[in-house]
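Trainee: Below you'll find start-v3.pdb; it's PDB, C-alpha atoms.
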ATOM      1  CA  MET A  11     -64.153  27.487 -23.817  1.00  0.00           C
ATOM      2  CA  ALA A  12     -62.547  30.902 -23.192  1.00  0.00           C
ATOM      3  CA  SER A  13     -60.401  30.510 -26.313  1.00  0.00           C
ATOM      4  CA  ASP A  14     -63.574  29.843 -28.358  1.00  0.00           C
ATOM      5  CA  GLN A  15     -65.049  33.081 -27.016  1.00  0.00           C
ATOM      6  CA  ARG A  16     -61.854  34.981 -27.859  1.00  0.00           C
ATOM      7  CA  ALA A  17     -61.872  33.544 -31.379  1.00  0.00           C
ATOM      8  CA  ALA A  18     -65.475  34.673 -31.833  1.00  0.00           C
ATOM      9  CA  ASN A  19     -64.627  38.126 -30.478  1.00  0.00           C
ATOM     10  CA  ASN A  20     -61.679  38.392 -32.870  1.00  0.00           C
ATOM     11  CA  LYS A  21     -64.073  37.864 -35.777  1.00  0.00           C
ATOM     12  CA  LEU A  22     -66.448  40.547 -34.471  1.00  0.00           C
ATOM     13  CA  THR A  23     -63.902  43.295 -33.821  1.00  0.00           C
ATOM     14  CA  PRO A  24     -62.322  45.134 -36.736  1.00  0.00           C
ATOM     15  CA  GLN A  25     -58.575  44.936 -37.199  1.00  0.00           C
ATOM     16  CA  LEU A  26     -56.853  48.215 -36.366  1.00  0.00           C
ATOM     17  CA  ASN A  27     -53.805  49.199 -38.360  1.00  0.00           C
ATOM     18  CA  LEU A  28     -51.726  50.622 -35.538  1.00  0.00           C
ATOM     19  CA  ALA A  29     -48.397  50.141 -37.317  1.00  0.00           C
ATOM     20  CA  LEU A  30     -49.605  52.253 -40.245  1.00  0.00           C
ATOM     21  CA  LEU A  31     -50.766  54.999 -37.892  1.00  0.00           C
ATOM     22  CA  ARG A  32     -47.390  54.939 -36.121  1.00  0.00           C
ATOM     23  CA  GLU A  33     -45.439  54.963 -39.395  1.00  0.00           C
ATOM     24  CA  LYS A  34     -47.462  57.921 -40.735  1.00  0.00           C
ATOM     25  CA  LYS A  35     -46.310  59.880 -37.686  1.00  0.00           C
ATOM     26  CA  LYS A  36     -42.728  58.795 -38.378  1.00  0.00           C
ATOM     27  CA  ILE A  37     -42.398  57.113 -34.997  1.00  0.00           C
ATOM     28  CA  SER A  38     -40.397  53.896 -34.708  1.00  0.00           C
ATOM     29  CA  LEU A  39     -41.071  51.104 -32.263  1.00  0.00           C
ATOM     30  CA  ARG A  40     -37.604  51.829 -30.872  1.00  0.00           C
ATOM     31  CA  ASP A  41     -38.724  55.425 -30.160  1.00  0.00           C
ATOM     32  CA  ILE A  42     -41.737  54.134 -28.243  1.00  0.00           C
ATOM     33  CA  GLU A  43     -39.606  51.597 -26.393  1.00  0.00           C
ATOM     34  CA  ASP A  44     -37.125  54.306 -25.372  1.00  0.00           C
ATOM     35  CA  GLU A  45     -39.890  56.669 -24.270  1.00  0.00           C
ATOM     36  CA  THR A  46     -42.050  54.184 -22.358  1.00  0.00           C
ATOM     37  CA  LYS A  47     -39.559  51.467 -21.349  1.00  0.00           C
ATOM     38  CA  ILE A  48     -42.090  48.921 -22.654  1.00  0.00           C
ATOM     39  CA  SER A  49     -40.263  45.976 -24.226  1.00  0.00           C
ATOM     40  CA  MET A  50     -40.259  45.637 -27.993  1.00  0.00           C
ATOM     41  CA  ARG A  51     -42.003  42.265 -27.637  1.00  0.00           C
ATOM     42  CA  PHE A  52     -45.028  43.866 -25.947  1.00  0.00           C
ATOM     43  CA  LEU A  53     -45.120  46.793 -28.388  1.00  0.00           C
ATOM     44  CA  LYS A  54     -45.222  44.357 -31.317  1.00  0.00           C
ATOM     45  CA  ALA A  55     -47.969  42.392 -29.570  1.00  0.00           C
ATOM     46  CA  ILE A  56     -50.031  45.589 -29.254  1.00  0.00           C
ATOM     47  CA  GLU A  57     -49.538  46.475 -32.925  1.00  0.00           C
ATOM     48  CA  ASP A  58     -50.330  42.949 -34.068  1.00  0.00           C
ATOM     49  CA  GLU A  59     -53.312  42.840 -31.689  1.00  0.00           C
ATOM     50  CA  GLU A  60     -51.896  39.723 -30.071  1.00  0.00           C
ATOM     51  CA  PHE A  61     -53.108  40.946 -26.704  1.00  0.00           C
ATOM     52  CA  ASN A  62     -52.765  37.498 -25.152  1.00  0.00           C
ATOM     53  CA  GLN A  63     -48.976  38.045 -25.371  1.00  0.00           C
ATOM     54  CA  LEU A  64     -49.203  40.992 -22.948  1.00  0.00           C
ATOM     55  CA  PRO A  65     -48.540  40.461 -19.236  1.00  0.00           C
ATOM     56  CA  GLY A  66     -52.193  40.948 -18.297  1.00  0.00           C
ATOM     57  CA  GLY A  67     -54.208  43.057 -15.900  1.00  0.00           C
ATOM     58  CA  ILE A  68     -53.271  46.633 -15.265  1.00  0.00           C
ATOM     59  CA  PHE A  69     -49.931  46.172 -17.040  1.00  0.00           C
ATOM     60  CA  SER A  70     -51.676  45.446 -20.340  1.00  0.00           C
ATOM     61  CA  THR A  71     -54.008  48.416 -20.090  1.00  0.00           C
ATOM     62  CA  SER A  72     -51.155  50.683 -19.033  1.00  0.00           C
ATOM     63  CA  TYR A  73     -49.000  49.579 -21.972  1.00  0.00           C
ATOM     64  CA  ILE A  74     -51.891  50.038 -24.394  1.00  0.00           C
ATOM     65  CA  ARG A  75     -52.677  53.515 -23.035  1.00  0.00           C
ATOM     66  CA  GLN A  76     -49.041  54.597 -23.310  1.00  0.00           C
ATOM     67  CA  TYR A  77     -48.778  53.268 -26.856  1.00  0.00           C
ATOM     68  CA  ALA A  78     -52.012  55.005 -27.875  1.00  0.00           C
ATOM     69  CA  ALA A  79     -50.902  58.319 -26.380  1.00  0.00           C
ATOM     70  CA  ILE A  80     -47.623  58.298 -28.289  1.00  0.00           C
ATOM     71  CA  VAL A  81     -49.072  57.357 -31.680  1.00  0.00           C
ATOM     72  CA  GLY A  82     -52.066  59.672 -31.279  1.00  0.00           C
ATOM     73  CA  HIS A  83     -54.783  57.025 -31.110  1.00  0.00           C
ATOM     74  CA  ASP A  84     -57.774  57.429 -28.791  1.00  0.00           C
ATOM     75  CA  GLU A  85     -56.763  55.597 -25.588  1.00  0.00           C
ATOM     76  CA  THR A  86     -60.309  54.709 -24.544  1.00  0.00           C
ATOM     77  CA  GLU A  87     -61.140  53.325 -27.977  1.00  0.00           C
ATOM     78  CA  LEU A  88     -58.015  51.172 -28.023  1.00  0.00           C
ATOM     79  CA  ILE A  89     -58.704  49.858 -24.500  1.00  0.00           C
ATOM     80  CA  GLU A  90     -62.289  49.008 -25.507  1.00  0.00           C
ATOM     81  CA  HIS A  91     -60.931  47.224 -28.587  1.00  0.00           C
ATOM     82  CA  TYR A  92     -58.501  45.268 -26.384  1.00  0.00           C
ATOM     83  CA  ARG A  93     -61.280  44.325 -23.956  1.00  0.00           C
ATOM     84  CA  ALA A  94     -63.546  43.177 -26.807  1.00  0.00           C
ATOM     85  CA  LYS A  95     -60.784  41.089 -28.400  1.00  0.00           C
ATOM     86  CA  MET A  96     -59.925  39.492 -25.062  1.00  0.00           C
ATOM     87  CA  GLY A  97     -63.539  38.845 -24.095  1.00  0.00           C
ATOM     88  CA  LEU A  98     -63.299  41.061 -21.020  1.00  0.00           C
ATOM     89  CA  ASN A  99     -66.670  42.529 -20.150  1.00  0.00           C
ATOM     90  CA  GLU A 100     -66.338  44.453 -16.920  1.00  0.00           C
ATOM     91  CA  PRO A 101     -63.980  47.371 -16.351  1.00  0.00           C
ATOM     92  CA  GLU A 102     -60.949  46.718 -14.173  1.00  0.00           C
ATOM     93  CA  ASP A 103     -62.106  48.798 -11.241  1.00  0.00           C
ATOM     94  CA  SER A 104     -65.614  47.327 -11.070  1.00  0.00           C
ATOM     95  CA  HIS A 105     -64.495  44.492  -8.835  1.00  0.00           C
ATOM     96  CA  GLY A 106     -65.818  46.366  -5.815  1.00  0.00           C
ATOM     97  CA  PRO A 107     -63.859  48.359  -3.321  1.00  0.00           C
ATOM     98  CA  GLY A 108     -60.178  47.726  -2.932  1.00  0.00           C
ATOM     99  CA  ARG A 109     -58.456  47.103   0.360  1.00  0.00           C
ATOM    100  CA  ARG A 110     -58.841  50.675   1.558  1.00  0.00           C
ATOM    101  CA  GLY A 111     -62.487  50.751   0.459  1.00  0.00           C
ATOM    102  CA  LYS A 112     -63.270  47.605   2.438  1.00  0.00           C
ATOM    103  CA  ARG A 113     -61.701  49.064   5.569  1.00  0.00           C
ATOM    104  CA  GLN A 114     -63.762  52.204   5.200  1.00  0.00           C
ATOM    105  CA  GLN A 115     -66.920  50.114   4.807  1.00  0.00           C
ATOM    106  CA  GLU A 116     -66.051  48.169   7.974  1.00  0.00           C
ATOM    107  CA  LYS A 117     -65.585  51.407   9.944  1.00  0.00           C
ATOM    108  CA  VAL A 118     -68.937  52.706   8.770  1.00  0.00           C
ATOM    109  CA  SER A 119     -70.610  49.377   9.557  1.00  0.00           C
ATOM    110  CA  ARG A 120     -69.134  49.334  13.072  1.00  0.00           C
ATOM    111  CA  ALA A 121     -70.228  52.902  13.672  1.00  0.00           C
ATOM    112  CA  PHE A 122     -73.849  51.948  13.073  1.00  0.00           C
ATOM    113  CA  ALA A 123     -73.692  48.564  14.813  1.00  0.00           C
ATOM    114  CA  PHE A 124     -73.877  49.987  18.340  1.00  0.00           C
ATOM    115  CA  PRO A 125     -76.373  52.598  19.519  1.00  0.00           C
ATOM    116  CA  PRO A 126     -74.868  55.828  20.846  1.00  0.00           C
ATOM    117  CA  PHE A 127     -74.434  56.186  24.604  1.00  0.00           C
ATOM    118  CA  SER A 128     -77.201  58.142  26.307  1.00  0.00           C
TER
END
Mind turning the file's structure into C-alpha cells?
Mentor:
Amino acid sequence: MASDQRAANNKLTPQLNLALLREKKKISLRDIEDETKISMRFLKAIEDEEFNQLPGGIFSTSYIRQYAAIVGHDETELIEHYRAKMGLNEPEDSHGPGRRGKRQQEKVSRAFAFPPFS
C-alpha cells in the first residue's frame, strides 16, 4: 500500500534536474563526496531522486541538505520535494517532545501535582 502511495506521489511531483544544476556549476560528484563524506551511492540516489535508496530519517534529510547547499539549490525546497516523493507528511520534529522534552514535562507536572506547603 505504501509503495502505491509513493508511485502516485512520484507522478505528482515534478522531476528535478539536479545533475544538470551541478554540472552547470562545474562541480563533480567526487567533489561533493570529498567535501561532505557522503558516499557516491547516496549522492547518485539524490540526483536520480531514488530517495528510497537513502539510509532514511535524519540521515536522508542531512544528506539532501548538504547536497543542496553545495550545488546552490534551495534546501527547503529540495527537502519538501523529497518528502512529497516519499509520501512523508509530517516534519521530522513534529513527533512531540524528545527525551529531554518529556523529562521537562514530567517535572512541570509533578510541580503542580502537590499543593504548596502552608
Trainee: Leaving out Glu87 in chain A and any residue of its chain fewer than 4 positions from it, which residues lie within 12 Å of it when counting only C-alpha atoms, given as a PyMOL selection string?
Mentor: chain A and resi 23+26+71+74-75+78-79+82-83+91-94
Trainee: Produce a file of the selected residues containing C-alpha atoms, as a compact mmCIF listing (two decimals), in the frame of the given file.
Mentor:
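again_26.txt, written as the output of this step:
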# COMPACT_ATOMS: atom_id res chain seq x y z
CA THR A 23 -63.90 43.30 -33.82
CA LEU A 26 -56.85 48.22 -36.37
CA THR A 71 -54.01 48.42 -20.09
CA ILE A 74 -51.89 50.04 -24.39
CA ARG A 75 -52.68 53.52 -23.04
CA ALA A 78 -52.01 55.00 -27.88
CA ALA A 79 -50.90 58.32 -26.38
CA GLY A 82 -52.07 59.67 -31.28
CA HIS A 83 -54.78 57.02 -31.11
CA HIS A 91 -60.93 47.22 -28.59
CA TYR A 92 -58.50 45.27 -26.38
CA ARG A 93 -61.28 44.32 -23.96
CA ALA A 94 -63.55 43.18 -26.81
Trainee: What's the separation between CA of Arg51 in chain A and CA of Ile89 in chain A, in Å to one decimal place?
Mentor: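 CA of Ile89 in chain A lies at a distance of 18.6 Å from CA of Arg51 in chain A.
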Trainee: Can you measure CA of Glu90 in chain A to CA of Asp41 in chain A for me? One decimal in Å is fine.
Mentor: 24.9 Å
Trainee: List, as an MDAnalysis selection string, every residue that the PyMOL selection byres ((chain A and resi 39) around 9) selects in the file provided.
Mentor: chainID A and resid 29 32 37:38 40:44 50 53:54
Trainee: Taking the file above as input, evaluate the PyMOL selection byres ((chain A and resi 70) around 12) and report the hits as a ChimeraX atom specification.
Mentor: /A:48,52-53,55-56,59-69,71-77,88-89,92-93,96,102
Trainee: Can you write out the residues you just picked, keeping C-alpha atoms, as a short mmCIF file (atom, residue, chain, number, x, y, z; two decimals), in the frame of the given file?
Mentor:
data_model
loop_
_atom_site.label_atom_id
_atom_site.label_comp_id
_atom_site.auth_asym_id
_atom_site.auth_seq_id
_atom_site.Cartn_x
_atom_site.Cartn_y
_atom_site.Cartn_z
CA ILE A 48 -42.09 48.92 -22.65
CA PHE A 52 -45.03 43.87 -25.95
CA LEU A 53 -45.12 46.79 -28.39
CA ALA A 55 -47.97 42.39 -29.57
CA ILE A 56 -50.03 45.59 -29.25
CA GLU A 59 -53.31 42.84 -31.69
CA GLU A 60 -51.90 39.72 -30.07
CA PHE A 61 -53.11 40.95 -26.70
CA ASN A 62 -52.76 37.50 -25.15
CA GLN A 63 -48.98 38.04 -25.37
CA LEU A 64 -49.20 40.99 -22.95
CA PRO A 65 -48.54 40.46 -19.24
CA GLY A 66 -52.19 40.95 -18.30
CA GLY A 67 -54.21 43.06 -15.90
CA ILE A 68 -53.27 46.63 -15.26
CA PHE A 69 -49.93 46.17 -17.04
CA THR A 71 -54.01 48.42 -20.09
CA SER A 72 -51.16 50.68 -19.03
CA TYR A 73 -49.00 49.58 -21.97
CA ILE A 74 -51.89 50.04 -24.39
CA ARG A 75 -52.68 53.52 -23.04
CA GLN A 76 -49.04 54.60 -23.31
CA TYR A 77 -48.78 53.27 -26.86
CA LEU A 88 -58.02 51.17 -28.02
CA ILE A 89 -58.70 49.86 -24.50
CA TYR A 92 -58.50 45.27 -26.38
CA ARG A 93 -61.28 44.32 -23.96
CA MET A 96 -59.92 39.49 -25.06
CA GLU A 102 -60.95 46.72 -14.17
#
